[in-house]
file query_32.cif (mmCIF, C-alpha atoms)
data_structure
#
loop_
_atom_site.label_atom_id
_atom_site.label_comp_id
_atom_site.auth_asym_id
_atom_site.auth_seq_id
_atom_site.Cartn_x
_atom_site.Cartn_y
_atom_site.Cartn_z
CA MET H 1 0.00 0.00 0.00
CA PRO H 2 1.31 3.47 -0.82
CA LYS H 3 2.08 5.68 2.14
CA ARG H 4 -0.63 8.19 3.04
CA ARG H 5 0.76 11.67 2.45
CA LYS H 6 -0.31 15.12 3.58
CA VAL H 7 -0.49 16.20 -0.09
CA GLY H 8 -0.82 13.02 -2.14
CA ASN H 9 -1.31 14.57 -5.60
CA LEU H 10 1.71 13.71 -7.77
CA LEU H 11 1.73 17.33 -8.87
CA ALA H 12 2.98 18.09 -5.35
CA LEU H 13 5.98 15.84 -5.98
CA ALA H 14 6.67 17.73 -9.21
CA VAL H 15 6.45 21.10 -7.42
CA LEU H 16 8.85 19.94 -4.71
CA SER H 17 11.29 18.69 -7.37
CA ALA H 18 11.27 22.16 -8.93
CA LEU H 19 11.65 24.13 -5.71
CA VAL H 20 14.56 21.97 -4.54
CA GLN H 21 16.59 23.82 -7.19
CA ARG H 22 15.72 27.39 -6.18
CA PRO H 23 12.84 29.51 -4.89
CA MET H 24 10.23 30.33 -7.55
CA HIS H 25 6.78 31.84 -7.86
CA PRO H 26 3.97 29.56 -9.13
CA TYR H 27 4.12 30.77 -12.74
CA GLU H 28 7.85 29.99 -12.87
CA ILE H 29 7.22 26.55 -11.36
CA ALA H 30 4.55 25.70 -13.93
CA THR H 31 6.71 26.95 -16.80
CA ALA H 32 9.67 24.86 -15.63
CA LEU H 33 7.57 21.71 -15.16
CA ARG H 34 6.14 22.01 -18.67
CA ALA H 35 9.60 22.59 -20.16
CA TRP H 36 10.97 19.54 -18.35
CA GLY H 37 8.06 17.34 -19.44
CA LYS H 38 7.05 16.51 -15.87
CA ASP H 39 3.42 16.18 -16.98
CA GLN H 40 4.60 13.24 -19.09
CA ASP H 41 6.49 11.66 -16.19
CA MET H 42 3.50 11.85 -13.83
CA GLU H 43 -0.25 11.80 -14.21
CA PHE H 44 -1.67 15.05 -12.86
CA LYS H 45 -4.13 17.80 -13.77
CA TRP H 46 -2.95 21.36 -14.22
CA GLY H 47 -6.34 22.60 -12.95
CA SER H 48 -5.32 21.62 -9.42
CA PHE H 49 -1.96 23.41 -9.59
CA TYR H 50 -2.75 26.37 -7.32
CA THR H 51 -4.66 24.14 -4.89
CA VAL H 52 -1.57 21.94 -4.59
CA ILE H 53 0.61 25.02 -3.99
CA GLY H 54 -1.77 26.11 -1.23
CA ASN H 55 -1.82 22.67 0.39
CA LEU H 56 1.96 22.36 0.33
CA ASP H 57 2.17 25.75 2.05
CA LYS H 58 -0.55 24.78 4.54
CA HIS H 59 1.36 21.65 5.58
CA HIS H 60 4.68 23.54 5.77
CA LEU H 61 6.34 21.61 2.94
CA ILE H 62 6.97 24.92 1.17
CA GLU H 63 6.89 28.48 2.48
CA ALA H 64 6.53 31.97 1.08
CA VAL H 65 9.72 34.03 1.20
CA GLU H 66 8.74 37.21 -0.62
CA SER H 67 6.27 38.84 -2.99
CA VAL H 68 7.55 40.38 -6.21
CA ARG H 69 6.03 42.56 -8.90
CA GLU H 70 7.38 42.84 -12.47
CA GLY H 71 6.13 45.92 -14.30
CA ARG H 72 2.34 46.01 -14.40
CA ARG H 73 1.98 42.31 -13.71
CA PRO H 74 0.13 41.20 -10.56
CA GLU H 75 2.20 40.65 -7.44
CA ARG H 76 3.55 37.10 -7.23
CA THR H 77 4.52 35.12 -4.15
CA VAL H 78 7.88 33.36 -4.27
CA TYR H 79 8.06 30.00 -2.49
CA ARG H 80 10.94 27.87 -1.29
CA ILE H 81 11.07 24.28 -0.13
CA THR H 82 11.31 23.68 3.62
CA ASN H 83 13.33 21.03 5.43
CA ALA H 84 10.09 19.06 5.84
CA GLY H 85 9.50 19.42 2.11
CA ARG H 86 12.96 18.09 1.30
CA ALA H 87 12.36 15.11 3.58
CA GLU H 88 9.00 14.47 1.89
CA LEU H 89 10.57 14.64 -1.58
CA VAL H 90 13.25 12.10 -0.63
CA ASP H 91 10.81 9.76 1.14
CA TRP H 92 8.34 9.88 -1.78
CA ALA H 93 11.11 9.18 -4.29
CA ARG H 94 12.26 6.19 -2.22
CA GLU H 95 8.73 4.75 -2.21
CA LEU H 96 8.16 5.22 -5.95
CA VAL H 97 11.52 3.74 -6.91
CA SER H 98 11.48 0.77 -4.53
CA THR H 99 7.86 -0.40 -4.46
CA PRO H 100 6.06 -1.89 -7.50
CA MET H 101 2.43 -0.82 -7.74
CA ALA H 102 -0.37 -2.14 -9.95
CA GLU H 103 -1.06 0.25 -12.82
CA HIS H 104 -3.65 -0.02 -15.56
CA PRO H 105 -2.58 1.14 -19.03
CA ARG H 106 -5.20 1.34 -21.78
CA PHE H 107 -3.50 -1.38 -23.83
CA ARG H 108 -3.98 -3.84 -20.99
CA ALA H 109 -7.68 -2.98 -20.93
CA GLY H 110 -7.88 -3.70 -24.65
CA LEU H 111 -6.08 -7.02 -24.30
CA SER H 112 -8.48 -8.06 -21.54
CA VAL H 113 -11.34 -7.98 -24.10
CA LEU H 114 -9.34 -9.14 -27.12
CA ALA H 115 -11.67 -12.14 -27.48
CA ALA H 116 -14.43 -9.74 -28.56
CA LEU H 117 -12.60 -9.33 -31.90
CA HIS H 118 -12.29 -11.88 -34.67
CA PRO H 119 -8.73 -13.30 -34.52
CA ASP H 120 -7.97 -12.01 -38.03
CA GLU H 121 -9.00 -8.48 -37.08
CA ALA H 122 -7.12 -8.72 -33.80
CA THR H 123 -3.99 -9.77 -35.68
CA ASP H 124 -4.30 -6.84 -38.09
CA LEU H 125 -4.79 -4.37 -35.24
CA LEU H 126 -1.87 -5.75 -33.24
CA ARG H 127 0.32 -5.50 -36.34
CA GLN H 128 -0.81 -1.89 -36.76
CA ARG H 129 0.12 -1.18 -33.16
CA LEU H 130 3.53 -2.76 -33.66
CA ASP H 131 4.22 -0.62 -36.73
CA LEU H 132 3.34 2.55 -34.82
CA LEU H 133 5.33 1.42 -31.81
CA GLU H 134 8.45 0.67 -33.86
CA ALA H 135 8.25 4.12 -35.46
CA ALA H 136 7.95 5.72 -32.01
CA ILE H 137 10.91 3.68 -30.74
CA ARG H 138 13.10 4.91 -33.59
CA GLN H 139 12.07 8.50 -32.90
CA ASP H 140 12.58 8.18 -29.14
CA ARG H 141 15.99 6.57 -29.56
CA GLU H 142 17.16 9.38 -31.84
CA ALA H 143 15.86 11.99 -29.38
CA LEU H 144 17.52 10.27 -26.42
CA ASP H 145 20.85 10.03 -28.26
CA ALA H 146 20.64 13.76 -28.99
CA TYR H 147 19.86 14.65 -25.37
CA LEU H 148 22.70 12.45 -24.11
CA ARG H 149 25.17 14.66 -25.96
CA GLU H 150 24.14 17.60 -23.75
CA ILE H 151 22.50 16.22 -20.59
CA PRO H 152 23.99 13.82 -18.01
CA ARG H 153 22.50 10.33 -18.24
CA LEU H 154 21.26 10.53 -14.64
CA PHE H 155 18.71 13.14 -15.69
CA LEU H 156 17.50 11.04 -18.62
CA VAL H 157 17.00 7.77 -16.77
CA GLU H 158 13.19 7.99 -17.02
CA SER H 159 13.51 8.36 -20.80
CA GLU H 160 15.70 5.23 -20.86
CA TYR H 161 12.98 3.44 -18.92
CA ASP H 162 10.31 4.56 -21.42
CA LEU H 163 12.41 3.26 -24.29
CA ALA H 164 13.12 -0.06 -22.57
CA MET H 165 9.41 -0.58 -21.89
CA ARG H 166 8.56 0.17 -25.53
CA ASP H 167 11.24 -2.27 -26.68
CA ALA H 168 9.83 -4.95 -24.37
CA GLU H 169 6.29 -4.38 -25.63
CA ALA H 170 7.43 -4.54 -29.25
CA ALA H 171 9.26 -7.83 -28.62
CA TRP H 172 6.17 -9.30 -26.94
CA LEU H 173 3.95 -8.17 -29.82
CA ARG H 174 6.27 -9.77 -32.39
CA ALA H 175 6.13 -13.08 -30.51
CA LEU H 176 2.35 -12.94 -30.16
CA LEU H 177 1.88 -12.07 -33.84
CA ALA H 178 4.14 -14.95 -34.85
CA GLU H 179 1.86 -17.38 -32.98
CA LEU H 180 -1.31 -15.86 -34.40
CA THR H 181 -0.08 -15.85 -38.00
CA SER H 182 1.38 -19.37 -37.82
CA GLY H 183 -1.75 -20.78 -36.21
CA SER H 184 0.16 -22.06 -33.19
CA TYR H 185 -1.59 -19.80 -30.66
CA PRO H 186 -3.45 -22.06 -28.16
CA GLY H 187 -7.21 -22.00 -28.63
CA LEU H 188 -7.05 -20.07 -31.91
CA ASP H 189 -9.46 -22.45 -33.67
CA THR H 190 -11.97 -22.17 -30.83
CA TRP H 191 -11.69 -18.37 -30.90
CA ARG H 192 -12.24 -18.34 -34.67
CA THR H 193 -15.18 -20.76 -34.50
CA PHE H 194 -16.96 -18.63 -31.92
CA HIS H 195 -16.85 -15.57 -34.20
CA GLU H 196 -17.77 -17.47 -37.35
CA THR H 197 -20.69 -19.44 -35.85
CA GLY H 198 -21.81 -17.12 -33.05
CA GLU H 199 -21.93 -20.07 -30.68
CA MET H 200 -19.91 -20.29 -27.50
CA PRO H 201 -17.91 -23.55 -27.46
CA ALA H 202 -19.08 -25.95 -24.79
CA GLU H 203 -15.71 -26.03 -23.00
CA LEU H 204 -15.69 -22.24 -22.62
CA THR H 205 -19.30 -22.18 -21.44
CA GLU H 206 -18.47 -24.74 -18.79
CA LEU H 207 -15.34 -22.86 -17.72
CA ALA H 208 -17.26 -19.58 -17.45
CA GLN H 209 -19.95 -21.20 -15.32
CA ARG H 210 -17.41 -22.89 -13.07
CA SER H 211 -15.41 -19.72 -12.52
CA SER H 212 -18.47 -17.59 -11.74
CA THR H 213 -19.91 -20.00 -9.16
CA PRO H 214 -18.79 -19.11 -5.60
CA LYS H 215 -17.60 -21.95 -3.43
CA ALA H 216 -18.38 -21.48 0.23
CA ASN H 217 -15.68 -22.30 2.78
CA SER H 218 -13.19 -23.30 0.13
CA ASP H 219 -9.54 -22.33 0.03
CA THR H 220 -9.19 -23.56 -3.54
CA PRO H 221 -8.32 -20.69 -5.91
CA THR H 222 -10.99 -19.92 -8.49
CA THR H 223 -10.17 -20.63 -12.13
CA HIS H 224 -10.51 -17.40 -14.09
CA THR H 225 -11.83 -17.14 -17.64
CA PRO H 226 -10.90 -14.24 -19.92
CA GLU H 227 -13.94 -12.44 -18.44
CA ALA H 228 -12.86 -12.93 -14.83
CA ARG H 229 -9.14 -12.64 -14.27
CA PRO H 230 -7.25 -11.18 -11.35
CA ASP H 231 -5.33 -7.95 -11.85
CA SER H 232 -1.57 -8.05 -11.75
CA ALA H 233 1.15 -5.42 -11.66
CA GLU H 234 1.73 -3.84 -15.06
CA ARG H 235 4.18 -1.35 -16.47
CA PRO H 236 3.11 2.18 -17.18
CA ASP H 237 2.47 3.45 -20.68
CA SER H 238 5.43 5.27 -22.16
CA SER H 239 5.26 8.43 -24.14
CA SER H 240 7.72 10.39 -26.18
CA ARG H 241 8.94 13.21 -23.98
CA ARG H 242 11.56 15.85 -23.51
CA ALA H 243 14.06 15.07 -20.77
CA ASP H 244 14.55 17.46 -17.85
CA THR H 245 17.52 18.08 -15.59
CA THR H 246 15.80 17.47 -12.26
CA GLY H 247 16.02 13.69 -12.18
#
call {"tool": "encode", "arguments": {"input": "query_32.cif", "output": "structure tokens"}}
result
Amino acid sequence: MPKRRKVGNLLALAVLSALVQRPMHPYEIATALRAWGKDQDMEFKWGSFYTVIGNLDKHHLIEAVESVREGRRPERTVYRITNAGRAELVDWARELVSTPMAEHPRFRAGLSVLAALHPDEATDLLRQRLDLLEAAIRQDREALDAYLREIPRLFLVESEYDLAMRDAEAAWLRALLAELTSGSYPGLDTWRTFHETGEMPAELTELAQRSSTPKANSDTPTTHTPEARPDSAERPDSSSRRADTTG
């Protein structure tokens, strides 16, 4: 279970990572986070930005140091990270790096209902995904190589992770497609028959009924059909991004 935090929005983590460099006012923080691609590293909503700033201040993880005015612009409050904020940043980073958590990418959701598609259509769509993925991998690798000429590798490690995850997905897709196109994928004939006749094969009907029937006072694990499978830890979706220098 993730640790309960005073400000649990991941945007708070991004703000702390910016203020650990130097004091800034909120507009500077937001500009820096966008430039560094932090909204691609973490899932957060910009609409909660000022609420997060207020909550961090309320819980003494950041503090106001001065108010500044530039020309006719409204007065802006400059914030700095506190010792408590630094401790929170380090503790949060330790948790995220050390502890695997179940995540739910959209591709996994699609795979969980793959049986709804005819196997020929599924094969075509998976091949389409692989083509797009391979193009993205080439683009990401070129971008990473370019960044590495200017930015220390430490500050590009999340981009390396993205690329490694894309490579792993592409390899898995190639193997799956090889089974589907060769006809060696287990149960392929049953899958095809279901779509071509509209009738659920008897063995699948029996399996579905068995898995959906609760067994009182039994420690025997339930057999799961494609419609009733337990969740498992999954990797996050990757996206092409611009590396930052905050780590």
call {"tool": "closest_residue", "arguments": {"input": "query_32.cif", "among": "H:Val15, H:Phe49, H:Ala115, H:Arg129", "to": "Trp36 in chain H", "atoms": "all atoms listed in the file"}}
result
H:Val15
call {"tool": "atom_distance", "arguments": {"input": "query_32.cif", "atom1": "CA of Ile137 in chain H", "atom2": "CA of Leu125 in chain H"}}
result
18.2 Å
call {"tool": "resolve_selection", "arguments": {"input": "query_32.cif", "expression": "the PyMOL selection byres ((chain H and resi 78) around 12)", "output": "list in words"}}
result
Leu19, Arg22, Pro23, Met24, His25, Pro26, Tyr27, Glu28, Ile29, Ile53, Asp57, Ile62, Glu63, Ala64, Val65, Glu66, Ser67, Val68, Arg69, Glu75, Arg76, Thr77, Tyr79, Arg80 and Ile81 of chain H
call {"tool": "resolve_selection", "arguments": {"input": "query_32.cif", "expression": "the PyMOL selection byres ((chain H and resi 9) around 10)", "output": "PyMOL selection string"}}
result
chain H and resi 5-8+10-14+42-45+48-49+52
call {"tool": "write_last_selection", "arguments": {"input": "query_32.cif", "atoms": "C-alpha atoms", "output": "PDB file, keeping the file's coordinate frame"}}
result
ATOM      1  CA  ARG H   5       0.760  11.670   2.450  1.00  0.00           C
ATOM      2  CA  LYS H   6      -0.310  15.120   3.580  1.00  0.00           C
ATOM      3  CA  VAL H   7      -0.490  16.200  -0.090  1.00  0.00           C
ATOM      4  CA  GLY H   8      -0.820  13.020  -2.140  1.00  0.00           C
ATOM      5  CA  LEU H  10       1.710  13.710  -7.770  1.00  0.00           C
ATOM      6  CA  LEU H  11       1.730  17.330  -8.870  1.00  0.00           C
ATOM      7  CA  ALA H  12       2.980  18.090  -5.350  1.00  0.00           C
ATOM      8  CA  LEU H  13       5.980  15.840  -5.980  1.00  0.00           C
ATOM      9  CA  ALA H  14       6.670  17.730  -9.210  1.00  0.00           C
ATOM     10  CA  MET H  42       3.500  11.850 -13.830  1.00  0.00           C
ATOM     11  CA  GLU H  43      -0.250  11.800 -14.210  1.00  0.00           C
ATOM     12  CA  PHE H  44      -1.670  15.050 -12.860  1.00  0.00           C
ATOM     13  CA  LYS H  45      -4.130  17.800 -13.770  1.00  0.00           C
ATOM     14  CA  SER H  48      -5.320  21.620  -9.420  1.00  0.00           C
ATOM     15  CA  PHE H  49      -1.960  23.410  -9.590  1.00  0.00           C
ATOM     16  CA  VAL H  52      -1.570  21.940  -4.590  1.00  0.00           C
TER      17      VAL H  52
END
call {"tool": "atom_distance", "arguments": {"input": "query_32.cif", "atom1": "CA of Ala30 in chain H", "atom2": "CA of Val90 in chain H"}}
result
20.9 Å
call {"tool": "residues_around", "arguments": {"input": "query_32.cif", "residues": "Ser98 in chain H", "least_positions_apart": "6", "cutoff": "12 Å", "atoms": "only C-alpha atoms", "output": "VMD selection string"}}
result
chain H and resid 2 91 to 92
call {"tool": "atom_distance", "arguments": {"input": "query_32.cif", "atom1": "CA of Thr99 in chain H", "atom2": "CA of Tyr161 in chain H"}}
result
15.8 Å
call {"tool": "resolve_selection", "arguments": {"input": "query_32.cif", "expression": "the PyMOL selection byres ((chain H and resi 120-122) around 12)", "output": "PDB file with C-alpha atoms, keeping the file's coordinate frame"}}
result
ATOM      1  CA  GLY H 110      -7.880  -3.700 -24.650  1.00  0.00           C
ATOM      2  CA  LEU H 111      -6.080  -7.020 -24.300  1.00  0.00           C
ATOM      3  CA  VAL H 113     -11.340  -7.980 -24.100  1.00  0.00           C
ATOM      4  CA  LEU H 114      -9.340  -9.140 -27.120  1.00  0.00           C
ATOM      5  CA  ALA H 115     -11.670 -12.140 -27.480  1.00  0.00           C
ATOM      6  CA  ALA H 116     -14.430  -9.740 -28.560  1.00  0.00           C
ATOM      7  CA  LEU H 117     -12.600  -9.330 -31.900  1.00  0.00           C
ATOM      8  CA  HIS H 118     -12.290 -11.880 -34.670  1.00  0.00           C
ATOM      9  CA  PRO H 119      -8.730 -13.300 -34.520  1.00  0.00           C
ATOM     10  CA  THR H 123      -3.990  -9.770 -35.680  1.00  0.00           C
ATOM     11  CA  ASP H 124      -4.300  -6.840 -38.090  1.00  0.00           C
ATOM     12  CA  LEU H 125      -4.790  -4.370 -35.240  1.00  0.00           C
ATOM     13  CA  LEU H 126      -1.870  -5.750 -33.240  1.00  0.00           C
ATOM     14  CA  ARG H 127       0.320  -5.500 -36.340  1.00  0.00           C
ATOM     15  CA  GLN H 128      -0.810  -1.890 -36.760  1.00  0.00           C
ATOM     16  CA  ARG H 129       0.120  -1.180 -33.160  1.00  0.00           C
ATOM     17  CA  LEU H 173       3.950  -8.170 -29.820  1.00  0.00           C
ATOM     18  CA  LEU H 176       2.350 -12.940 -30.160  1.00  0.00           C
ATOM     19  CA  LEU H 177       1.880 -12.070 -33.840  1.00  0.00           C
ATOM     20  CA  LEU H 180      -1.310 -15.860 -34.400  1.00  0.00           C
ATOM     21  CA  THR H 181      -0.080 -15.850 -38.000  1.00  0.00           C
ATOM     22  CA  SER H 182       1.380 -19.370 -37.820  1.00  0.00           C
ATOM     23  CA  GLY H 183      -1.750 -20.780 -36.210  1.00  0.00           C
ATOM     24  CA  LEU H 188      -7.050 -20.070 -31.910  1.00  0.00           C
ATOM     25  CA  ASP H 189      -9.460 -22.450 -33.670  1.00  0.00           C
ATOM     26  CA  TRP H 191     -11.690 -18.370 -30.900  1.00  0.00           C
ATOM     27  CA  ARG H 192     -12.240 -18.340 -34.670  1.00  0.00           C
ATOM     28  CA  THR H 193     -15.180 -20.760 -34.500  1.00  0.00           C
ATOM     29  CA  HIS H 195     -16.850 -15.570 -34.200  1.00  0.00           C
ATOM     30  CA  GLU H 196     -17.770 -17.470 -37.350  1.00  0.00           C
TER      31      GLU H 196
END
call {"tool": "closest_residue", "arguments": {"input": "query_32.cif", "among": "H:Asp131, H:Glu158, H:Glu150, H:Asp145", "to": "Gln40 in chain H", "atoms": "only C-alpha atoms"}}
result
H:Glu158
call {"tool": "closest_residue", "arguments": {"input": "query_32.cif", "among": "H:Arg34, H:Arg149, H:Arg4, H:Arg108", "to": "Glu169 in chain H", "atoms": "only C-alpha atoms"}}
result
H:Arg108
call {"tool": "closest_residue", "arguments": {"input": "query_32.cif", "among": "H:Ala168, H:Leu163, H:Leu154, H:Leu96", "to": "Glu142 in chain H", "atoms": "all atoms listed in the file"}}
result
H:Leu163
call {"tool": "residues_around", "arguments": {"input": "query_32.cif", "residues": "Leu89 in chain H", "least_positions_apart": "2", "cutoff": "9 Å", "atoms": "only C-alpha atoms", "output": "number ranges by chain"}}
result
H: 13, 16-17, 20, 84-87, 91-94
